[in-house]
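Data block for data_25.csv (CSV, C-alpha atoms):
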chain,number,residue,atom,x,y,z
W,292,MET,CA,30.6,-28.2,57.5
W,293,ASN,CA,31.8,-24.7,56.7
W,294,ASP,CA,33.3,-22.1,59.0
W,295,GLU,CA,30.4,-19.6,58.5
W,296,SER,CA,27.7,-22.0,59.6
W,297,VAL,CA,29.7,-23.1,62.6
W,298,TRP,CA,30.1,-19.5,63.8
W,299,ILE,CA,26.4,-18.7,63.2
W,300,VAL,CA,25.4,-21.8,65.3
W,301,ILE,CA,27.9,-20.9,68.1
W,302,ILE,CA,26.8,-17.2,68.4
W,303,THR,CA,23.0,-17.8,68.0
W,304,LEU,CA,23.0,-20.8,70.3
W,305,GLY,CA,25.1,-18.9,72.8
W,306,ILE,CA,22.8,-15.8,72.8
W,307,GLY,CA,19.6,-17.9,72.8
W,308,THR,CA,20.7,-20.1,75.6
W,309,TYR,CA,21.7,-17.1,77.7
W,310,LEU,CA,18.2,-15.5,77.2
W,311,ILE,CA,16.6,-18.8,78.3
W,312,ARG,CA,18.6,-18.8,81.4
W,313,TYR,CA,18.0,-15.1,82.1
W,314,SER,CA,14.2,-15.2,81.3
W,315,PHE,CA,12.4,-15.6,84.6
W,316,LEU,CA,15.4,-14.7,86.8
W,317,GLY,CA,15.6,-11.4,85.0
W,318,ILE,CA,12.0,-10.5,84.5
W,319,LEU,CA,10.4,-11.7,87.7
W,320,GLY,CA,13.1,-10.4,89.9
W,321,GLY,CA,12.0,-10.5,93.6
W,322,ARG,CA,8.3,-10.4,92.9
W,323,GLN,CA,6.3,-12.9,94.8
W,324,LEU,CA,5.0,-15.8,92.7
W,325,PRO,CA,1.5,-17.3,93.4
W,326,GLU,CA,1.4,-20.3,95.7
W,327,TRP,CA,0.2,-22.7,93.0
W,328,LEU,CA,3.2,-21.8,90.8
W,329,LEU,CA,5.7,-22.1,93.7
W,330,ARG,CA,4.2,-25.5,94.4
W,331,HIS,CA,5.0,-26.6,90.9
W,332,LEU,CA,8.5,-25.1,90.9
W,333,ARG,CA,9.4,-27.0,94.0
W,334,TYR,CA,9.4,-30.1,91.9
W,335,VAL,CA,11.5,-28.8,89.0
W,336,PRO,CA,14.7,-30.8,90.1
W,337,VAL,CA,12.9,-34.1,90.5
W,338,ALA,CA,10.8,-33.5,87.4
W,339,VAL,CA,13.6,-32.6,85.0
W,340,LEU,CA,16.8,-34.4,86.1
W,341,PRO,CA,15.4,-38.0,86.3
W,342,GLY,CA,13.8,-37.6,82.9
W,343,LEU,CA,17.0,-36.1,81.5
W,344,ILE,CA,19.1,-39.1,82.5
W,345,ALA,CA,16.7,-42.0,82.3
W,346,PRO,CA,17.3,-42.6,78.5
W,347,LEU,CA,21.0,-42.4,79.1
W,348,VAL,CA,20.8,-45.1,81.7
W,349,VAL,CA,18.5,-47.5,79.8
W,350,TRP,CA,19.9,-46.8,76.3
W,351,PRO,CA,23.5,-45.7,76.7
W,352,THR,CA,25.1,-44.2,73.7
W,353,ALA,CA,28.4,-45.9,74.5
W,354,THR,CA,26.8,-49.4,73.9
W,355,GLY,CA,25.0,-48.2,70.7
W,356,GLY,CA,21.7,-47.9,72.6
W,357,SER,CA,21.3,-51.4,73.9
W,358,PRO,CA,20.8,-51.8,77.7
W,359,ASP,CA,23.9,-52.7,79.6
W,360,PRO,CA,23.9,-54.6,82.9
W,361,ALA,CA,26.9,-52.7,84.2
W,362,ARG,CA,25.3,-49.3,83.7
W,363,LEU,CA,21.9,-50.4,85.0
W,364,ALA,CA,23.6,-51.8,88.2
W,365,ALA,CA,25.6,-48.6,88.6
W,366,ALA,CA,22.5,-46.4,88.3
W,367,GLY,CA,20.7,-48.7,90.9
W,368,VAL,CA,23.5,-48.6,93.4
W,369,ALA,CA,23.9,-44.8,93.1
W,370,LEU,CA,20.2,-44.4,93.6
W,371,LEU,CA,20.1,-46.6,96.7
W,372,ILE,CA,23.1,-45.1,98.3
W,373,GLY,CA,22.0,-41.5,97.5
W,374,ALA,CA,18.4,-42.1,98.8
W,375,TRP,CA,19.4,-44.1,101.9
W,376,PHE,CA,22.5,-42.3,103.1
W,377,ARG,CA,21.7,-38.9,101.6
W,378,SER,CA,25.3,-38.8,100.4
W,379,THR,CA,26.1,-37.4,97.0
W,380,LEU,CA,29.8,-38.4,96.9
W,381,GLY,CA,29.0,-41.8,98.3
W,382,ALA,CA,26.5,-42.4,95.6
W,383,ILE,CA,28.9,-41.3,92.9
W,384,PHE,CA,31.8,-43.5,94.1
W,385,GLY,CA,29.4,-46.4,94.8
W,386,GLY,CA,27.9,-46.1,91.4
W,387,MET,CA,31.1,-46.0,89.5
W,388,ALA,CA,32.5,-48.9,91.6
W,389,ALA,CA,29.5,-51.0,90.7
W,390,LEU,CA,29.9,-50.1,87.1
W,391,TYR,CA,33.6,-51.2,87.0
W,392,LEU,CA,32.9,-54.4,89.1
W,393,VAL,CA,30.0,-55.6,86.9
W,394,GLN,CA,31.9,-54.6,83.7
W,395,TYR,CA,34.9,-56.6,84.9
W,396,TYR,CA,33.1,-59.8,86.1
W,397,TRP,CA,30.3,-59.9,83.5
W,398,ILE,CA,31.6,-62.0,80.6
O,222,MET,CA,43.3,0.3,117.3
O,223,ASN,CA,42.4,-2.2,114.7
O,224,LYS,CA,38.9,-2.2,113.7
O,225,GLN,CA,37.1,-5.5,113.3
O,226,LYS,CA,36.3,-6.3,109.7
O,227,PRO,CA,32.6,-5.9,109.0
O,228,THR,CA,30.9,-9.3,109.4
O,229,GLU,CA,29.0,-9.2,106.1
O,230,PRO,CA,31.8,-10.2,103.7
O,231,THR,CA,32.9,-12.9,106.1
O,232,THR,CA,29.4,-14.4,106.1
O,233,LYS,CA,29.2,-14.2,102.3
O,234,SER,CA,32.6,-15.8,101.9
O,235,HIS,CA,31.4,-18.5,104.3
O,236,TYR,CA,28.5,-19.3,102.0
O,237,TYR,CA,30.7,-19.0,98.9
O,238,TRP,CA,33.0,-21.7,100.2
O,239,GLN,CA,30.1,-23.8,101.4
O,240,GLY,CA,28.8,-23.6,97.8
O,241,PHE,CA,32.2,-24.4,96.5
O,242,ARG,CA,32.2,-27.6,98.5
O,243,ALA,CA,28.7,-28.5,97.3
O,244,GLY,CA,29.8,-28.0,93.7
O,245,ALA,CA,33.1,-29.8,94.0
O,246,PRO,CA,31.9,-33.3,93.3
O,247,PHE,CA,30.8,-32.2,89.9
O,248,ILE,CA,34.4,-32.0,88.8
O,249,LEU,CA,33.9,-35.7,88.3
O,250,VAL,CA,31.2,-35.0,85.7
O,251,VAL,CA,32.6,-31.9,84.1
O,252,ALA,CA,36.1,-33.2,83.6
O,253,PRO,CA,35.3,-36.2,81.4
O,254,PHE,CA,32.3,-34.4,79.7
O,255,GLY,CA,34.5,-31.4,78.8
O,256,LEU,CA,37.3,-33.6,77.7
O,257,LEU,CA,34.9,-35.6,75.5
O,258,PHE,CA,33.5,-32.4,74.0
O,259,GLY,CA,37.0,-31.2,73.1
O,260,VAL,CA,37.7,-34.5,71.4
O,261,VAL,CA,34.4,-34.7,69.6
O,262,ALA,CA,34.4,-31.1,68.3
O,263,THR,CA,38.0,-31.5,67.1
O,264,GLU,CA,37.1,-34.7,65.3
O,265,ALA,CA,34.1,-33.0,63.8
O,266,GLY,CA,36.5,-30.5,62.2
O,267,MET,CA,36.1,-27.5,64.5
O,268,ASP,CA,39.3,-25.5,65.2
O,269,ILE,CA,40.3,-24.7,68.8
O,270,VAL,CA,38.9,-21.1,68.6
O,271,GLN,CA,35.5,-22.4,67.5
O,272,THR,CA,35.5,-25.2,70.1
O,273,MET,CA,36.4,-22.9,72.9
O,274,ALA,CA,34.0,-20.1,71.7
O,275,MET,CA,31.2,-22.6,71.8
O,276,THR,CA,32.1,-24.0,75.2
O,277,VAL,CA,32.4,-20.5,76.7
O,278,LEU,CA,29.3,-18.9,75.0
O,279,VAL,CA,26.9,-21.8,75.1
O,280,ILE,CA,28.2,-23.5,78.3
O,281,ALA,CA,25.7,-26.4,78.1
O,282,GLY,CA,27.3,-29.8,77.3
O,283,ALA,CA,24.3,-31.7,75.9
O,284,ALA,CA,23.2,-28.8,73.6
O,285,GLN,CA,26.8,-28.5,72.4
O,286,PHE,CA,27.1,-32.2,71.6
O,287,ALA,CA,23.7,-32.1,69.8
O,288,ALA,CA,24.6,-29.0,67.7
O,289,VAL,CA,28.0,-30.4,66.7
O,290,GLN,CA,26.5,-33.8,65.8
O,291,LEU,CA,23.9,-32.0,63.5
O,292,LEU,CA,26.6,-29.9,61.9
O,293,VAL,CA,28.6,-33.1,61.1
O,294,GLU,CA,25.5,-34.5,59.5
O,295,ASN,CA,25.2,-31.4,57.4
O,296,ALA,CA,21.8,-30.5,58.8
O,297,PRO,CA,20.6,-27.0,58.0
O,298,VAL,CA,22.0,-24.3,60.4
O,299,TYR,CA,18.6,-23.5,61.8
O,300,VAL,CA,18.0,-27.1,62.7
O,301,ALA,CA,21.2,-27.2,64.7
O,302,ILE,CA,20.3,-24.0,66.5
O,303,LEU,CA,16.7,-24.9,67.2
O,304,THR,CA,17.7,-28.4,68.5
O,305,GLY,CA,20.3,-26.8,70.8
O,306,LEU,CA,17.8,-24.3,72.1
O,307,ALA,CA,15.2,-27.1,72.6
O,308,VAL,CA,17.7,-29.1,74.6
O,309,ASN,CA,18.3,-26.0,76.7
O,310,MET,CA,14.6,-25.1,77.3
O,311,ARG,CA,14.8,-26.9,80.7
O,312,MET,CA,16.9,-24.0,81.9
O,313,ALA,CA,13.8,-21.7,81.7
O,314,MET,CA,12.4,-23.9,84.4
O,315,TYR,CA,15.6,-23.6,86.4
O,316,SER,CA,15.4,-19.8,85.9
O,317,ALA,CA,11.8,-19.7,87.2
O,318,SER,CA,12.7,-22.0,90.1
O,319,MET,CA,15.7,-19.8,91.1
O,320,ALA,CA,13.8,-16.5,90.9
O,321,PRO,CA,12.1,-16.9,94.4
O,322,HIS,CA,15.5,-17.5,95.9
O,323,ILE,CA,17.9,-15.0,94.3
O,324,GLY,CA,15.5,-12.8,92.2
O,325,SER,CA,15.6,-9.9,94.7
O,326,THR,CA,19.3,-9.4,94.4
O,327,ALA,CA,20.8,-6.6,92.3
O,328,GLY,CA,20.0,-6.7,88.5
O,329,TRP,CA,23.7,-6.8,87.4
O,330,LYS,CA,24.3,-9.8,89.7
O,331,ARG,CA,21.4,-11.7,88.1
O,332,ILE,CA,22.8,-10.8,84.7
O,333,ILE,CA,26.0,-12.6,85.7
O,334,ALA,CA,24.3,-15.4,87.6
O,335,ALA,CA,22.0,-16.3,84.6
O,336,TYR,CA,25.1,-17.0,82.4
O,337,PHE,CA,26.3,-19.6,85.0
O,338,LEU,CA,22.9,-21.3,85.5
O,339,VAL,CA,23.9,-24.8,84.3
O,340,ASP,CA,22.4,-28.2,85.4
O,341,GLN,CA,25.0,-28.8,88.0
O,342,SER,CA,25.1,-25.4,89.7
O,343,TYR,CA,21.3,-25.4,89.7
O,344,ALA,CA,21.0,-28.9,91.2
O,345,ALA,CA,23.6,-28.2,93.9
O,346,SER,CA,22.1,-24.8,94.8
O,347,ILE,CA,18.5,-25.7,94.9
O,348,ARG,CA,19.2,-28.6,97.2
O,349,GLN,CA,20.9,-26.2,99.6
O,350,TYR,CA,18.0,-23.7,99.4
O,351,GLU,CA,15.5,-26.5,100.2
O,352,ASP,CA,17.6,-27.8,103.1
O,353,VAL,CA,18.3,-24.4,104.6
O,354,PRO,CA,15.3,-22.2,103.6
O,355,GLU,CA,16.2,-19.4,106.1
O,356,MET,CA,19.2,-18.3,104.1
O,357,LYS,CA,19.0,-14.7,102.8
O,358,PRO,CA,18.9,-14.0,99.1
O,359,SER,CA,22.5,-12.5,99.2
O,360,GLU,CA,23.7,-15.6,101.0
O,361,LYS,CA,21.9,-17.8,98.5
O,362,LEU,CA,23.6,-15.9,95.7
O,363,ALA,CA,27.0,-16.3,97.3
O,364,PHE,CA,26.4,-20.0,97.6
O,365,PHE,CA,25.4,-20.2,94.0
O,366,PHE,CA,28.6,-18.4,92.9
O,367,GLY,CA,30.5,-20.9,95.1
O,368,THR,CA,29.0,-23.8,93.2
O,369,ILE,CA,29.9,-22.5,89.8
O,370,SER,CA,33.6,-22.1,90.5
O,371,PRO,CA,34.4,-25.9,90.6
O,372,ILE,CA,31.9,-26.5,87.7
O,373,CYS,CA,32.2,-23.9,85.0
O,374,PHE,CA,35.9,-23.1,85.1
O,375,PRO,CA,37.0,-26.8,84.9
O,376,TRP,CA,34.4,-27.1,82.0
O,377,TYR,CA,36.5,-24.6,79.9
O,378,LEU,CA,39.8,-26.1,81.0
O,379,PHE,CA,38.9,-29.7,80.3
O,380,THR,CA,37.4,-28.8,76.9
O,381,TYR,CA,40.8,-27.2,76.1
O,382,ILE,CA,42.7,-30.3,77.3
O,383,GLY,CA,40.3,-32.5,75.2
O,384,VAL,CA,41.2,-30.4,72.1
O,385,LYS,CA,44.9,-30.6,72.9
O,386,VAL,CA,45.1,-34.3,73.9
O,387,GLY,CA,42.9,-35.2,71.0
O,388,ALA,CA,43.3,-39.0,71.5
O,389,ALA,CA,40.1,-40.9,72.2
O,390,ILE,CA,39.6,-41.8,75.8
O,391,PRO,CA,39.6,-45.7,76.2
O,392,PRO,CA,35.9,-46.8,76.2
O,393,GLU,CA,36.5,-49.2,79.1
O,394,TYR,CA,36.6,-46.3,81.5
O,395,ALA,CA,32.9,-45.7,80.6
O,396,LEU,CA,33.3,-42.0,81.4
O,397,ASP,CA,30.1,-41.3,79.5
O,398,PHE,CA,28.4,-42.7,82.5
O,399,ALA,CA,29.8,-40.2,85.0
O,400,VAL,CA,27.1,-37.8,83.8
O,401,PRO,CA,24.0,-39.9,84.7
O,402,ILE,CA,25.6,-41.3,87.9
O,403,THR,CA,26.3,-37.8,89.2
O,404,PHE,CA,22.8,-36.6,88.6
O,405,ILE,CA,21.3,-39.6,90.2
O,406,ALA,CA,23.6,-39.0,93.2
O,407,LEU,CA,22.3,-35.5,93.4
O,408,VAL,CA,18.6,-36.1,93.0
O,409,ALA,CA,18.4,-39.4,95.1
O,410,PRO,CA,18.7,-37.6,98.5
O,411,SER,CA,15.7,-35.4,97.7
O,412,LEU,CA,13.4,-38.4,97.1
O,413,ARG,CA,12.3,-38.0,100.6
O,414,SER,CA,8.5,-37.5,100.3
O,415,LEU,CA,5.7,-39.1,98.4
O,416,PRO,CA,5.2,-36.1,96.0
O,417,HIS,CA,9.0,-36.1,95.2
O,418,LEU,CA,9.0,-39.9,94.6
O,419,ALA,CA,5.9,-39.7,92.4
O,420,ALA,CA,7.2,-36.7,90.4
O,421,ALA,CA,10.5,-38.6,89.8
O,422,PHE,CA,8.7,-41.7,88.8
O,423,VAL,CA,6.4,-39.8,86.3
O,424,SER,CA,9.5,-38.0,84.9
O,425,VAL,CA,11.3,-41.3,84.2
O,426,ALA,CA,8.3,-43.2,82.9
O,427,VAL,CA,7.1,-40.4,80.5
O,428,SER,CA,10.6,-39.6,79.2
O,429,LEU,CA,11.3,-43.3,78.4
O,430,SER,CA,7.9,-43.8,76.7
O,431,LEU,CA,8.2,-40.6,74.6
O,432,ALA,CA,11.9,-40.8,73.9
O,433,TRP,CA,11.1,-41.2,70.2
O,434,LEU,CA,9.9,-37.6,70.0
O,435,PRO,CA,12.5,-35.2,68.4
O,436,TYR,CA,14.1,-32.0,69.8
O,437,ASN,CA,14.0,-33.1,73.4
O,438,LEU,CA,10.2,-32.6,73.4
O,439,TRP,CA,10.0,-35.8,75.5
O,440,LEU,CA,11.9,-34.0,78.3
O,441,MET,CA,9.6,-31.0,78.3
O,442,ILE,CA,6.5,-33.1,78.4
O,443,ALA,CA,7.9,-35.4,81.1
O,444,ALA,CA,9.0,-32.4,83.2
O,445,VAL,CA,5.7,-30.6,83.1
O,446,LEU,CA,3.6,-33.8,83.8
O,447,ALA,CA,6.0,-34.7,86.7
O,448,MET,CA,5.7,-31.2,88.2
O,449,MET,CA,2.0,-31.4,88.0
O,450,THR,CA,2.1,-34.8,89.7
O,451,GLY,CA,4.3,-33.5,92.5
O,452,ALA,CA,2.2,-30.4,93.1
O,453,TYR,CA,-1.1,-32.3,92.9
O,454,ILE,CA,-0.1,-34.9,95.4
O,455,GLU,CA,1.4,-32.3,97.7
O,456,LYS,CA,-1.9,-30.4,97.7
O,457,HIS,CA,-4.1,-33.4,98.3
O,458,THR,CA,-2.0,-35.3,100.8
O,459,VAL,CA,-3.2,-35.0,104.3
O,460,ILE,CA,-0.1,-34.8,106.4
O,461,THR,CA,-0.6,-37.2,109.3
O,462,ALA,CA,1.6,-36.7,112.3
As structure tokens, the full file:
Amino acid sequence: MNDESVWIVIITLGIGTYLIRYSFLGILGGRQLPEWLLRHLRYVPVAVLPGLIAPLVVWPTATGGSPDPARLAAAGVALLIGAWFRSTLGAIFGGMAALYLVQYYWI
Amino acid sequence: MNKQKPTEPTTKSHYYWQGFRAGAPFILVVAPFGLLFGVVATEAGMDIVQTMAMTVLVIAGAAQFAAVQLLVENAPVYVAILTGLAVNMRMAMYSASMAPHIGSTAGWKRIIAAYFLVDQSYAASIRQYEDVPEMKPSEKLAFFFGTISPICFPWYLFTYIGVKVGAAIPPEYALDFAVPITFIALVAPSLRSLPHLAAAFVSVAVSLSLAWLPYNLWLMIAAVLAMMTGAYIEKHTVITA
């Protein structure tokens, strides 16, 4: 790859990404959105984030895309701890602990 | 006689630090992810100025990895740009979702806030806004700026360390998986109602079954269908006491 194309990508992607982030926040401002739209927006976190990570859990890049018992167990443990105790840190540490335990004992 | 300090800044700093604490766990994601990006970009042949410029200007890990990967494969420049933008389209939804909360704050503050609207700061802030809806827009903004401090600045720092250290991180540490784990940890506590559960389920099911689509299209489709599911169930569920 040459320097020129790297810089074009960096600058264009930087500006484009900024405009995506600014879009609604900048244009809508404090205007009241209709109730039906707000009702949809309430589900943005649970609609985007699980879909974003599901393929990473099932087909991890680190294993060349094949399902890995340690990573599946880690995701399950994090999900259960997070949902049950409503604790983010607990879920992170529980999940990573499960990952290392299964990785270590799974021959 | 000493005058009491006005209470306003105290309150805002209170929310700033509350946000800081909410964002702090994400150092666990940002550190390995940033480190990894520094290593990968350097191995791809980018110099330190290019790597840091990308990390500061784009400030979106997944899109940065995708763009670098395509540059390495000698894909056309416009393909690398469009793929990166497609990966980041989800942020338009974050932007719309934040607007009802901080949209009424001063324009220049929103210009700054928009730059820092990353997955982690969004996830940590929106959870707080849902848990404590009575917060004022200025307090919500202070909270948001609190969340970005332990997220965005370590992102730059660890990218830099990744470039400098250079050596590959031992794969046994499975640091790649800190990213999914942390997002699960953040979303799981909000799976508290049927519409939330159903939306998350649809999101996962659709993204897995459409994962073969290019340019992260699967994510946009999954997100839209999941939002519609959540909103539909919310509207048609009779809440029984």
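Put simply, CA of Leu378 in chain O is 19.0 Å away from CA of Val289 in chain O.
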Distance cut-off 12 Å, centre (33.6, -30.9, 55.5) in file coordinates, counting only C-alpha atoms: which residues qualify? Return them as a ChimeraX atom specification.
/W:292-294,296-297 /O:264-267,292-295
Looking at only C-alpha atoms, which of O:Val353, O:Leu412, O:Ala245, O:Ala432 is the one that sits closest to Ala374 in chain W?
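When distances to Ala374 in chain W are compared using only C-alpha atoms, the smallest one comes from O:Leu412.
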Skipping near chain neighbours, those fewer than 4 positions away, what residues fall within 9 Å of Pro360 in chain W using all atoms listed in the file, listed as number ranges by chain?
W: 364-365, 390, 393-394, 397
When you draw a straight line from CA of Tyr237 in chain O to CA of Glu351 in chain O, how long is it in Å?
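That distance, rounded to one decimal, is 17.0 Å.
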Shortest contact to chain W, candidates O:Val386, O:Leu429, O:Ile454, O:Leu257, atoms counted all atoms listed in the file, goes to O:Leu429
Selected residue, from O:Pro435, O:Pro371, O:Pro321, O:Pro354, that lies nearest to chain W when counting all atoms listed in the file
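Counting all atoms listed in the file, the residue closest to chain W is O:Pro321.
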